[in-house]
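K.L.:
Structure: input_31.csv, CSV, C-alpha atoms.
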```csv
chain,number,residue,atom,x,y,z
Q,1,MET,CA,236.3,288.1,47.1
Q,2,ALA,CA,233.9,289.0,44.3
Q,3,LYS,CA,230.3,289.7,45.1
Q,4,VAL,CA,227.6,287.4,43.8
Q,5,ALA,CA,225.8,289.0,40.9
Q,6,GLY,CA,223.7,288.3,37.9
Q,7,PRO,CA,224.8,289.0,34.4
Q,8,SER,CA,223.9,292.7,34.5
Q,9,HIS,CA,221.9,293.4,37.7
Q,10,PRO,CA,223.2,292.2,41.1
Q,11,ILE,CA,220.7,290.7,43.4
Q,12,ILE,CA,220.4,293.1,46.4
Q,13,ASN,CA,219.8,291.1,49.6
Q,14,GLY,CA,217.9,292.5,52.5
Q,15,LEU,CA,220.1,293.4,55.5
Q,16,SER,CA,218.4,293.9,58.8
Q,17,VAL,CA,219.2,294.4,62.5
Q,18,ASP,CA,216.7,293.5,65.2
Q,19,VAL,CA,217.4,296.2,67.8
Q,20,GLU,CA,216.9,294.9,71.3
Q,21,ASP,CA,219.2,294.8,74.3
Q,22,TRP,CA,221.0,291.7,75.6
Q,23,PHE,CA,218.4,291.2,78.4
Q,24,GLN,CA,215.3,291.4,76.2
Q,25,VAL,CA,215.9,288.3,74.1
Q,26,GLY,CA,213.5,285.3,74.1
Q,27,ALA,CA,216.3,283.0,75.5
Q,28,PHE,CA,216.1,284.9,78.8
Q,29,GLU,CA,212.4,285.6,79.1
Q,30,THR,CA,212.0,283.2,82.0
Q,31,SER,CA,215.2,284.4,83.7
Q,32,ILE,CA,214.9,288.2,83.6
Q,33,ALA,CA,211.6,289.8,84.4
Q,34,ARG,CA,210.3,292.7,82.2
Q,35,SER,CA,209.6,294.6,85.4
Q,36,ASP,CA,213.4,294.6,86.0
Q,37,TRP,CA,214.4,295.9,82.6
Q,38,SER,CA,214.5,299.6,83.6
Q,39,ASP,CA,217.0,298.8,86.3
Q,40,ILE,CA,219.5,297.0,84.1
Q,41,PRO,CA,222.3,299.1,82.4
Q,42,THR,CA,221.7,299.1,78.7
Q,43,ARG,CA,224.5,298.3,76.2
Q,44,VAL,CA,222.4,298.7,73.0
Q,45,GLU,CA,223.7,302.2,72.1
Q,46,GLY,CA,227.4,301.3,72.0
Q,47,ASN,CA,226.6,298.1,70.1
Q,48,VAL,CA,224.5,299.8,67.5
Q,49,ASP,CA,227.2,302.5,67.0
Q,50,ALA,CA,229.7,299.7,66.3
Q,51,ILE,CA,227.3,298.3,63.7
Q,52,LEU,CA,226.8,301.7,62.1
Q,53,GLU,CA,230.6,302.0,61.8
Q,54,LEU,CA,230.8,298.5,60.3
Q,55,PHE,CA,228.1,299.3,57.8
Q,56,ALA,CA,229.7,302.7,56.9
Q,57,HIS,CA,233.0,301.0,56.2
Q,58,ALA,CA,231.3,298.4,54.0
Q,59,GLY,CA,229.2,301.1,52.2
Q,60,VAL,CA,225.9,299.4,52.9
Q,61,HIS,CA,222.5,300.5,54.3
Q,62,ALA,CA,220.2,298.3,56.3
Q,63,THR,CA,216.8,298.2,58.1
Q,64,PHE,CA,216.8,298.5,61.9
Q,65,PHE,CA,213.7,296.7,63.2
Q,66,THR,CA,213.6,298.5,66.6
Q,67,LEU,CA,211.7,298.0,69.8
Q,68,GLY,CA,209.6,301.0,70.9
Q,69,TRP,CA,211.0,300.4,74.4
Q,70,ILE,CA,214.5,301.1,73.0
Q,71,ALA,CA,213.5,304.2,71.0
Q,72,GLU,CA,211.7,305.6,74.0
Q,73,ARG,CA,214.9,305.6,76.0
Q,74,HIS,CA,217.4,306.2,73.2
Q,75,PRO,CA,215.8,308.7,70.8
Q,76,ALA,CA,219.2,310.2,69.8
Q,77,LEU,CA,220.4,306.7,68.7
Q,78,ILE,CA,217.3,306.3,66.5
Q,79,ARG,CA,218.0,309.7,64.9
Q,80,ARG,CA,221.6,308.7,64.2
Q,81,ILE,CA,220.5,305.5,62.5
Q,82,ALA,CA,218.1,307.4,60.3
Q,83,GLN,CA,220.5,310.3,59.5
Q,84,GLN,CA,223.1,307.7,58.2
Q,85,GLY,CA,220.6,306.6,55.6
Q,86,HIS,CA,219.2,303.4,57.2
Q,87,GLU,CA,215.6,302.5,57.5
Q,88,ILE,CA,213.8,302.5,60.8
Q,89,ALA,CA,211.1,299.8,61.1
Q,90,SER,CA,209.1,298.3,64.0
Q,91,HIS,CA,209.9,295.3,66.2
Q,92,GLY,CA,206.9,295.9,68.4
Q,93,TYR,CA,207.1,297.7,71.8
Q,94,ASP,CA,208.8,295.4,74.2
Q,95,HIS,CA,209.5,292.1,72.4
Q,96,ALA,CA,206.3,290.3,73.5
Q,97,ARG,CA,205.6,287.5,71.0
Q,98,VAL,CA,202.5,288.0,68.9
Q,99,PHE,CA,200.8,284.8,70.2
Q,100,THR,CA,200.8,286.2,73.7
Q,101,PHE,CA,198.4,289.0,72.6
Q,102,GLU,CA,194.7,289.2,72.1
Q,103,ARG,CA,194.1,290.8,68.7
Q,104,SER,CA,193.1,294.2,70.0
Q,105,ALA,CA,196.2,294.3,72.3
Q,106,PHE,CA,198.4,293.5,69.3
Q,107,ALA,CA,196.9,296.3,67.3
Q,108,ALA,CA,197.6,298.7,70.2
Q,109,ASP,CA,201.2,297.4,70.6
Q,110,ILE,CA,202.1,298.0,66.9
Q,111,ALA,CA,200.5,301.4,66.9
Q,112,ARG,CA,202.3,302.5,70.1
Q,113,ALA,CA,205.7,301.3,68.9
Q,114,ARG,CA,205.2,303.0,65.5
Q,115,GLY,CA,204.4,306.3,67.0
Q,116,ILE,CA,207.5,306.3,69.2
Q,117,LEU,CA,209.7,305.2,66.3
Q,118,GLU,CA,208.4,307.9,63.9
Q,119,ASP,CA,208.7,310.6,66.5
Q,120,ALA,CA,212.3,309.6,67.2
Q,121,SER,CA,213.5,309.1,63.7
Q,122,GLY,CA,211.5,311.6,61.6
Q,123,GLN,CA,210.8,308.7,59.2
Q,124,ARG,CA,207.5,307.1,58.2
Q,125,VAL,CA,207.6,303.5,59.5
Q,126,ILE,CA,206.3,301.1,56.9
Q,127,GLY,CA,207.9,297.7,58.0
Q,128,TYR,CA,207.4,295.4,60.9
Q,129,ARG,CA,209.1,292.3,62.2
Q,130,ALA,CA,207.4,290.2,64.9
Q,131,PRO,CA,209.6,289.4,67.9
Q,132,SER,CA,211.0,285.9,67.5
Q,133,PHE,CA,209.2,285.6,64.1
Q,134,SER,CA,206.0,284.9,66.1
Q,135,ILE,CA,203.5,285.4,63.3
Q,136,ASP,CA,202.6,281.8,62.6
Q,137,ALA,CA,199.6,279.4,62.2
Q,138,ARG,CA,198.2,280.6,65.5
Q,139,THR,CA,198.3,284.3,64.6
Q,140,PRO,CA,197.4,284.9,60.9
Q,141,TRP,CA,195.1,287.7,62.1
Q,142,ALA,CA,198.2,289.8,62.8
Q,143,PHE,CA,198.6,290.4,59.1
Q,144,GLU,CA,195.1,291.9,58.9
Q,145,GLU,CA,196.0,294.3,61.7
Q,146,LEU,CA,199.2,295.3,60.0
Q,147,ALA,CA,197.4,295.9,56.7
Q,148,LYS,CA,194.7,297.9,58.5
Q,149,GLN,CA,197.3,300.2,60.0
Q,150,GLY,CA,198.9,300.8,56.6
Q,151,TYR,CA,202.1,298.8,56.9
Q,152,ILE,CA,203.7,298.1,53.5
Q,153,TYR,CA,205.6,295.0,54.5
Q,154,SER,CA,206.3,292.5,57.2
Q,155,SER,CA,209.3,290.2,57.7
Q,156,SER,CA,207.8,288.1,60.5
Q,157,VAL,CA,207.6,284.5,59.3
Q,158,ALA,CA,210.2,281.7,59.5
Q,159,PRO,CA,209.0,278.9,57.2
Q,160,VAL,CA,210.8,276.2,59.2
Q,161,VAL,CA,210.3,273.7,62.0
Q,162,HIS,CA,212.0,275.0,65.1
Q,163,ASP,CA,211.5,274.6,68.8
Q,164,HIS,CA,211.5,278.4,69.3
Q,165,TYR,CA,209.4,279.6,66.3
Q,166,GLY,CA,208.3,278.6,62.8
Q,167,TRP,CA,205.5,278.2,60.3
Q,168,PRO,CA,206.6,275.4,58.0
Q,169,GLU,CA,203.5,275.7,55.8
Q,170,ALA,CA,204.3,279.3,54.8
Q,171,PRO,CA,205.9,280.2,51.5
Q,172,ARG,CA,209.7,280.5,51.3
Q,173,PHE,CA,209.6,283.8,49.4
Q,174,ALA,CA,207.5,287.0,49.3
Q,175,PHE,CA,203.7,286.6,49.5
Q,176,ARG,CA,200.6,288.6,50.1
Q,177,PRO,CA,198.8,287.3,53.1
Q,178,VAL,CA,195.7,289.5,53.1
Q,179,VAL,CA,193.0,289.5,50.4
Q,180,GLY,CA,192.6,293.0,48.9
Q,181,SER,CA,195.7,294.4,50.6
Q,182,ASP,CA,199.1,295.2,49.1
Q,183,LEU,CA,200.9,294.1,52.3
Q,184,VAL,CA,203.9,291.9,51.5
Q,185,GLU,CA,205.4,289.3,53.8
Q,186,LEU,CA,209.2,288.7,53.3
Q,187,PRO,CA,210.0,285.5,55.1
Q,188,VAL,CA,213.5,285.1,56.6
Q,189,THR,CA,215.8,283.1,54.4
Q,190,THR,CA,215.8,279.3,54.1
Q,191,ALA,CA,217.8,276.9,52.0
Q,192,MET,CA,217.3,273.4,50.7
Q,193,LEU,CA,219.7,270.9,52.2
Q,194,GLY,CA,219.3,267.2,51.3
Q,195,GLY,CA,215.6,267.7,50.4
Q,196,ARG,CA,215.0,269.5,53.7
Q,197,LEU,CA,214.3,273.2,54.3
Q,198,VAL,CA,216.7,274.7,56.8
Q,199,ALA,CA,216.9,278.1,58.4
Q,200,ALA,CA,219.7,280.2,56.9
Q,201,GLY,CA,218.8,283.8,57.5
Q,202,GLY,CA,221.2,284.8,60.2
Q,203,GLY,CA,221.0,285.2,63.9
Q,204,GLY,CA,222.2,282.2,65.9
Q,205,PHE,CA,222.6,280.1,62.8
Q,206,PHE,CA,225.0,282.5,61.3
Q,207,ARG,CA,226.9,283.0,64.6
Q,208,VAL,CA,227.2,279.3,65.6
Q,209,LEU,CA,227.7,277.6,62.2
Q,210,PRO,CA,230.8,277.9,60.0
Q,211,TYR,CA,230.6,280.9,57.7
Q,212,GLY,CA,230.7,278.6,54.7
Q,213,PHE,CA,227.2,277.5,55.4
Q,214,SER,CA,225.7,281.0,55.2
Q,215,ARG,CA,227.7,281.7,52.1
Q,216,TRP,CA,226.5,278.5,50.4
Q,217,ALA,CA,222.9,279.2,51.5
Q,218,ILE,CA,222.8,282.8,50.2
Q,219,ARG,CA,224.4,281.7,46.9
Q,220,GLN,CA,221.7,279.1,46.5
Q,221,VAL,CA,218.9,281.6,47.1
Q,222,ASN,CA,220.5,284.2,44.8
Q,223,ASN,CA,221.8,281.9,42.0
Q,224,GLN,CA,219.3,279.0,41.9
Q,225,ALA,CA,216.1,280.7,43.1
Q,226,GLN,CA,217.1,284.1,41.7
Q,227,ARG,CA,215.7,285.7,44.9
Q,228,PRO,CA,217.1,288.1,47.5
Q,229,ALA,CA,218.1,286.6,50.8
Q,230,ILE,CA,216.6,288.1,54.0
Q,231,PHE,CA,219.3,288.3,56.7
Q,232,TYR,CA,219.1,289.5,60.3
Q,233,PHE,CA,221.2,289.8,63.4
Q,234,HIS,CA,221.1,291.6,66.8
Q,235,PRO,CA,223.3,294.3,68.4
Q,236,TRP,CA,224.1,292.1,71.3
Q,237,GLU,CA,225.6,289.6,69.0
Q,238,VAL,CA,228.6,291.8,68.4
Q,239,ASP,CA,229.2,292.3,72.1
Q,240,PRO,CA,231.3,289.5,73.6
Q,241,ASP,CA,231.7,291.4,76.9
Q,242,GLN,CA,228.0,291.5,77.8
Q,243,PRO,CA,226.9,290.2,81.2
Q,244,ARG,CA,226.3,286.5,81.7
Q,245,VAL,CA,222.9,285.3,83.0
Q,246,ALA,CA,223.8,282.6,85.5
Q,247,ASN,CA,220.3,281.4,86.2
Q,248,ALA,CA,219.4,280.9,82.5
Q,249,PRO,CA,218.8,277.4,81.1
Q,250,MET,CA,222.0,275.8,79.8
Q,251,ARG,CA,220.5,275.5,76.3
Q,252,SER,CA,219.7,279.2,76.3
Q,253,LYS,CA,223.2,280.1,77.4
Q,254,LEU,CA,224.7,278.0,74.7
Q,255,ARG,CA,222.5,279.6,72.0
Q,256,HIS,CA,223.1,283.1,73.2
Q,257,TYR,CA,226.8,283.2,74.0
Q,258,THR,CA,228.4,280.9,71.4
Q,259,GLY,CA,230.4,282.7,68.8
Q,260,LEU,CA,230.0,286.3,70.1
Q,261,ASP,CA,233.7,286.9,69.8
Q,262,LYS,CA,233.7,285.9,66.1
Q,263,MET,CA,230.5,287.6,65.0
Q,264,ALA,CA,231.9,291.0,63.9
Q,265,ASP,CA,234.6,289.5,61.7
Q,266,LYS,CA,232.1,287.1,60.1
Q,267,LEU,CA,229.8,290.1,59.3
Q,268,ARG,CA,232.7,291.9,57.7
Q,269,VAL,CA,233.2,289.0,55.3
Q,270,LEU,CA,229.5,288.6,54.6
Q,271,LEU,CA,229.1,292.3,53.8
Q,272,GLY,CA,232.0,292.0,51.3
Q,273,ASP,CA,230.8,288.8,49.7
Q,274,PHE,CA,227.3,289.9,48.7
Q,275,SER,CA,225.3,293.0,47.7
Q,276,TRP,CA,223.0,294.4,50.5
Q,277,GLY,CA,220.3,296.9,50.9
Q,278,ARG,CA,217.4,298.1,53.0
Q,279,MET,CA,214.3,296.0,53.4
Q,280,ASP,CA,212.1,298.7,51.9
Q,281,ALA,CA,214.2,298.6,48.7
Q,282,VAL,CA,214.0,294.9,48.6
Q,283,VAL,CA,210.2,294.8,49.0
Q,284,GLU,CA,209.9,297.2,46.0
Q,285,GLY,CA,211.4,294.6,43.8
Q,286,GLU,CA,209.7,291.6,45.4
Q,287,ALA,CA,206.2,293.1,45.5
Q,288,ALA,CA,205.6,292.3,41.8
Q,289,ARG,CA,206.8,288.7,42.3
Q,290,ALA,CA,204.9,288.1,45.6
Q,291,VAL,CA,202.4,285.2,45.3
Q,292,ASP,CA,198.8,285.7,46.6
Q,293,ARG,CA,198.7,283.4,49.6
Q,294,PRO,CA,195.9,284.6,51.9
Q,295,VAL,CA,196.1,282.9,55.3
Q,296,ALA,CA,193.0,281.6,57.0
Q,297,VAL,CA,192.0,283.7,59.9
Q,298,GLY,CA,190.3,281.6,62.6
Q,299,ALA,CA,189.5,282.9,66.0
Q,300,GLU,CA,189.3,286.6,66.3
Q,301,GLN,CA,191.6,286.6,69.4
Q,302,GLY,CA,195.2,285.6,69.9
Q,303,ILE,CA,196.2,282.8,72.3
Q,304,ALA,CA,196.9,284.3,75.7
Q,305,ALA,CA,200.0,282.9,77.2
```
As structure tokens, how would this structure be written, given the file I've shared?

P.N.:
Amino acid sequence: MAKVAGPSHPIINGLSVDVEDWFQVGAFETSIARSDWSDIPTRVEGNVDAILELFAHAGVHATFFTLGWIAERHPALIRRIAQQGHEIASHGYDHARVFTFERSAFAADIARARGILEDASGQRVIGYRAPSFSIDARTPWAFEELAKQGYIYSSSVAPVVHDHYGWPEAPRFAFRPVVGSDLVELPVTTAMLGGRLVAAGGGGFFRVLPYGFSRWAIRQVNNQAQRPAIFYFHPWEVDPDQPRVANAPMRSKLRHYTGLDKMADKLRVLLGDFSWGRMDAVVEGEAARAVDRPVAVGAEQGIAA
């Protein structure tokens, strides 16, 4: 199937992987304690290696938004990702959502994760994605902290209504959230369906819904809006043999386990249907088009959970 492209310059969409293990996801945060993580056998290395093979076969490069917790324990994996031409970016230290931090603690978290990732990869880390897209109307100050620490871009906003995350008032496409800073936010992709904005940037939506929905949504963004799509998924999503969490809420289990056996095949089709690249390359093109949309910063502290 032919790739979607413009008349002379194909739109390069942002391909990203949020590197966390199966037990670190938001769906299980009330079922698996962080204090138990170190005692749980990890599966992330084998899953990421499978993704690297998939990307190599498709001839694409991506950005791996990686937890500092993972890089601390698997530095050789981080080096392999970097050596194969992919970008290493930050996903925070241990998947704590931004609104659970006070501002100073968030600043410490992103600095800690960045140091671990740069030591492991040998790359400068310039990008950040908040766990569970948790920069929202409660935490606009997070952008100021990212800018202060010299990050070039963030991809931490989901401009939709959702029970797990979302900032529906945020722009759909690239914007500059901090006055006087070059920091660019690249929101995860959305599409217009019947006059309503719907999430269409990957993850569970890609895994659970028919592939035709994602193909339609990305074509809409590329062809009608003439913008790159921002797509993400997780290593555990290509691992149908991962352990099952019996005590998790039924809704969480349905979200987490549905479609795992079909995910790798759907990704192969996606990689062939569109043009893909690293997030740092996408932000270079989007920076000139980013709208100035400074967000109001209210209280100096986050909301402690």

K.L.:
Could I get the residues of segment 129-235 of chain Q with an atom no further than 8 Å from an atom of segment 71-92 of chain Q, each paired with its nearest atom pair and that distance in Å to one decimal, using only C-alpha atoms, sorted by chain and residue number, as a Markdown table?

P.N.:
```
| residue | atom | partner | partner_atom | distance |
| --- | --- | --- | --- | --- |
| Q:Arg129 | CA | Q:His91 | CA | 5.1 |
| Q:Ala130 | CA | Q:His91 | CA | 5.8 |
| Q:Pro131 | CA | Q:His91 | CA | 6.1 |
```

K.L.:
Of the candidates Q:Phe55, Q:Pro228, Q:Trp141, Q:Glu45, which one gets nearest to Met279 of chain Q if we count all atoms listed in the file?

P.N.:
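For Met279 of chain Q, the nearest of the given residues is Q:Pro228.
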
K.L.:
By how many Å are atom CA of Ala281 of chain Q and atom CA of Asp182 of chain Q apart?

P.N.:
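Rounded to one decimal, the two atoms are 15.5 Å apart.
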
K.L.:
List every residue of segment 215-296 of chain Q that has an atom at most 12 Å from any atom of segment 190-198 of chain Q, giving for each one its closest atom pair and the distance in Å to one decimal, counting all atoms listed in the file, sorted by chain and then by ascending residue number, as CSV.

P.N.:
```
residue,atom,partner,partner_atom,distance
Q:Arg215,CA,Q:Ala191,CA,11.0
Q:Trp216,CA,Q:Ala191,CA,9.0
Q:Ala217,CA,Q:Ala191,CA,5.6
Q:Ile218,CA,Q:Ala191,CA,7.9
Q:Arg219,CA,Q:Ala191,CA,9.6
Q:Gln220,CA,Q:Ala191,CA,7.1
Q:Val221,CA,Q:Ala191,CA,6.9
Q:Asn222,CA,Q:Ala191,CA,10.6
Q:Asn223,CA,Q:Ala191,CA,11.9
Q:Gln224,CA,Q:Ala191,CA,10.4
Q:Ala225,CA,Q:Ala191,CA,9.8
Q:Arg227,CA,Q:Thr190,CA,11.2
Q:Pro228,CA,Q:Thr190,CA,11.1
Q:Ala229,CA,Q:Thr190,CA,8.3
Q:Ile230,CA,Q:Thr190,CA,8.8
Q:Phe231,CA,Q:Thr190,CA,10.0
```

K.L.:
Would you save the residues from that selection as a PDB file, in the coordinates of the input, using C-alpha atoms?

P.N.:
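In the end it all went to selection_7.pdb:
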```pdb
ATOM      1  CA  ARG Q 215     227.700 281.700  52.100  1.00  0.00           C
ATOM      2  CA  TRP Q 216     226.500 278.500  50.400  1.00  0.00           C
ATOM      3  CA  ALA Q 217     222.900 279.200  51.500  1.00  0.00           C
ATOM      4  CA  ILE Q 218     222.800 282.800  50.200  1.00  0.00           C
ATOM      5  CA  ARG Q 219     224.400 281.700  46.900  1.00  0.00           C
ATOM      6  CA  GLN Q 220     221.700 279.100  46.500  1.00  0.00           C
ATOM      7  CA  VAL Q 221     218.900 281.600  47.100  1.00  0.00           C
ATOM      8  CA  ASN Q 222     220.500 284.200  44.800  1.00  0.00           C
ATOM      9  CA  ASN Q 223     221.800 281.900  42.000  1.00  0.00           C
ATOM     10  CA  GLN Q 224     219.300 279.000  41.900  1.00  0.00           C
ATOM     11  CA  ALA Q 225     216.100 280.700  43.100  1.00  0.00           C
ATOM     12  CA  ARG Q 227     215.700 285.700  44.900  1.00  0.00           C
ATOM     13  CA  PRO Q 228     217.100 288.100  47.500  1.00  0.00           C
ATOM     14  CA  ALA Q 229     218.100 286.600  50.800  1.00  0.00           C
ATOM     15  CA  ILE Q 230     216.600 288.100  54.000  1.00  0.00           C
ATOM     16  CA  PHE Q 231     219.300 288.300  56.700  1.00  0.00           C
TER      17      PHE Q 231
END
```

K.L.:
Using all atoms listed in the file, can you tell me which of Q:Ala248, Q:Leu67, Q:Ala174, Q:Val25 comes closest to Asp94 of chain Q?

P.N.:
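Of Q:Ala248, Q:Leu67, Q:Ala174, Q:Val25, the one nearest Asp94 of chain Q, counting all atoms listed in the file, is Q:Leu67.
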
K.L.:
I'd like the contact shell of Phe106 of chain Q - 10 Å cut-off, only C-alpha atoms, skipping same-chain residues fewer than 3 positions apart - returned as an NGL selection string.

P.N.:
:Q and (92-93 or 96-103 or 109-112 or 141-142 or 145-146 or 301-302)

K.L.:
Residues within 7 Å of segment 284-294 of chain Q, please, as an mmCIF file with C-alpha atoms, in the frame of the given file. Count only C-alpha atoms; anything in the same chain fewer than 2 positions from it doesn't count.

P.N.:
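Heads up, here's the output in around.cif:
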```
data_model
loop_
_atom_site.group_PDB
_atom_site.id
_atom_site.type_symbol
_atom_site.label_atom_id
_atom_site.label_comp_id
_atom_site.auth_asym_id
_atom_site.auth_seq_id
_atom_site.Cartn_x
_atom_site.Cartn_y
_atom_site.Cartn_z
ATOM 1 C CA ALA Q 174 207.500 287.000 49.300
ATOM 2 C CA PHE Q 175 203.700 286.600 49.500
ATOM 3 C CA ARG Q 176 200.600 288.600 50.100
ATOM 4 C CA PRO Q 177 198.800 287.300 53.100
ATOM 5 C CA VAL Q 178 195.700 289.500 53.100
ATOM 6 C CA VAL Q 179 193.000 289.500 50.400
ATOM 7 C CA VAL Q 184 203.900 291.900 51.500
ATOM 8 C CA ASP Q 280 212.100 298.700 51.900
ATOM 9 C CA ALA Q 281 214.200 298.600 48.700
ATOM 10 C CA VAL Q 282 214.000 294.900 48.600
ATOM 11 C CA ALA Q 296 193.000 281.600 57.000
#
```

K.L.:
Extract, using only C-alpha atoms, all DNA, RNA and protein residues at most 12 Å from Lys266 of chain Q, discarding same-chain residues fewer than 6 positions from it, and format them as a VMD selection string.

P.N.:
chain Q and resid 54 202 to 203 206 to 215 233 237 to 238 259 to 260 272 to 273

K.L.:
How many Å lie between atom CA of Trp37 of chain Q and atom CA of Tyr257 of chain Q, rounded to one decimal?

P.N.:
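Going from atom CA of Trp37 of chain Q over to atom CA of Tyr257 of chain Q covers 19.7 Å.
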
K.L.:
Nearest to Val283 of chain Q among Q:Val157, Q:Ile12, Q:Ala50, Q:Ala33, with distances taken over all atoms listed in the file: which residue is it?

P.N.:
Q:Ile12

K.L.:
From the list Q:Pro187, Q:Pro249, Q:Pro243, Q:Gly180, which residue is nearest Ala200 of chain Q when using all atoms listed in the file?

P.N.:
Q:Pro187

K.L.:
Which one is closest to Tyr232 of chain Q: Q:Ser35, Q:Ser132, Q:Ser252, Q:Ser121? Count all atoms listed in the file.

P.N.:
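Ranked by minimum distance to Tyr232 of chain Q, first place goes to Q:Ser132.
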
K.L.:
For Pro159 of chain Q, which residue among Q:Thr139, Q:Ser181, Q:Thr189, Q:Asn13 is the nearest when counting all atoms listed in the file?

P.N.:
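Selected residue with least distance to Pro159 of chain Q: Q:Thr189.
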
K.L.:
One number please: atom CA of Lys253 of chain Q to atom CA of Ala27 of chain Q, in Å, one decimal.

P.N.:
7.7 Å

K.L.:
Model the absent atoms of segment 244-261 of chain Q so that N, CA and C atoms are present, and write the result as a tab-separated table (two decimals), keeping the file's coordinate frame.

P.N.:
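See part-v5.tsv below for the written result:
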```tsv
chain	number	residue	atom	x	y	z
Q	244	ARG	N	226.77	287.87	81.77
Q	244	ARG	CA	226.30	286.50	81.70
Q	244	ARG	C	225.14	286.29	82.65
Q	245	VAL	N	224.10	285.59	82.19
Q	245	VAL	CA	222.90	285.30	83.00
Q	245	VAL	C	223.09	283.93	83.62
Q	246	ALA	N	223.49	283.90	84.87
Q	246	ALA	CA	223.80	282.60	85.50
Q	246	ALA	C	222.67	281.69	85.66
Q	247	ASN	N	221.47	282.22	85.88
Q	247	ASN	CA	220.30	281.40	86.20
Q	247	ASN	C	219.54	280.96	84.91
Q	248	ALA	N	220.05	281.29	83.72
Q	248	ALA	CA	219.40	280.90	82.50
Q	248	ALA	C	219.57	279.42	82.21
Q	249	PRO	N	218.63	278.77	81.52
Q	249	PRO	CA	218.80	277.40	81.10
Q	249	PRO	C	220.08	277.19	80.31
Q	250	MET	N	220.74	276.05	80.46
Q	250	MET	CA	222.00	275.80	79.80
Q	250	MET	C	221.82	275.93	78.24
Q	251	ARG	N	220.71	275.42	77.72
Q	251	ARG	CA	220.50	275.50	76.30
Q	251	ARG	C	220.40	276.95	75.82
Q	252	SER	N	219.76	277.79	76.62
Q	252	SER	CA	219.70	279.20	76.30
Q	252	SER	C	221.02	279.88	76.31
Q	253	LYS	N	221.82	279.54	77.30
Q	253	LYS	CA	223.20	280.10	77.40
Q	253	LYS	C	224.03	279.72	76.21
Q	254	LEU	N	223.94	278.46	75.82
Q	254	LEU	CA	224.70	278.00	74.70
Q	254	LEU	C	224.31	278.75	73.40
Q	255	ARG	N	223.00	278.89	73.21
Q	255	ARG	CA	222.50	279.60	72.00
Q	255	ARG	C	222.93	281.07	72.02
Q	256	HIS	N	222.87	281.68	73.17
Q	256	HIS	CA	223.10	283.10	73.20
Q	256	HIS	C	224.55	283.51	73.19
Q	257	TYR	N	225.42	282.76	73.83
Q	257	TYR	CA	226.80	283.20	74.00
Q	257	TYR	C	227.80	282.61	73.00
Q	258	THR	N	227.44	281.51	72.35
Q	258	THR	CA	228.40	280.90	71.40
Q	258	THR	C	228.67	281.78	70.22
Q	259	GLY	N	229.93	281.99	69.96
Q	259	GLY	CA	230.40	282.70	68.80
Q	259	GLY	C	230.31	284.22	68.83
Q	260	LEU	N	230.04	284.79	69.99
Q	260	LEU	CA	230.00	286.30	70.10
Q	260	LEU	C	231.30	286.90	69.69
Q	261	ASP	N	232.41	286.27	70.05
Q	261	ASP	CA	233.70	286.90	69.80
Q	261	ASP	C	234.09	286.85	68.30
```
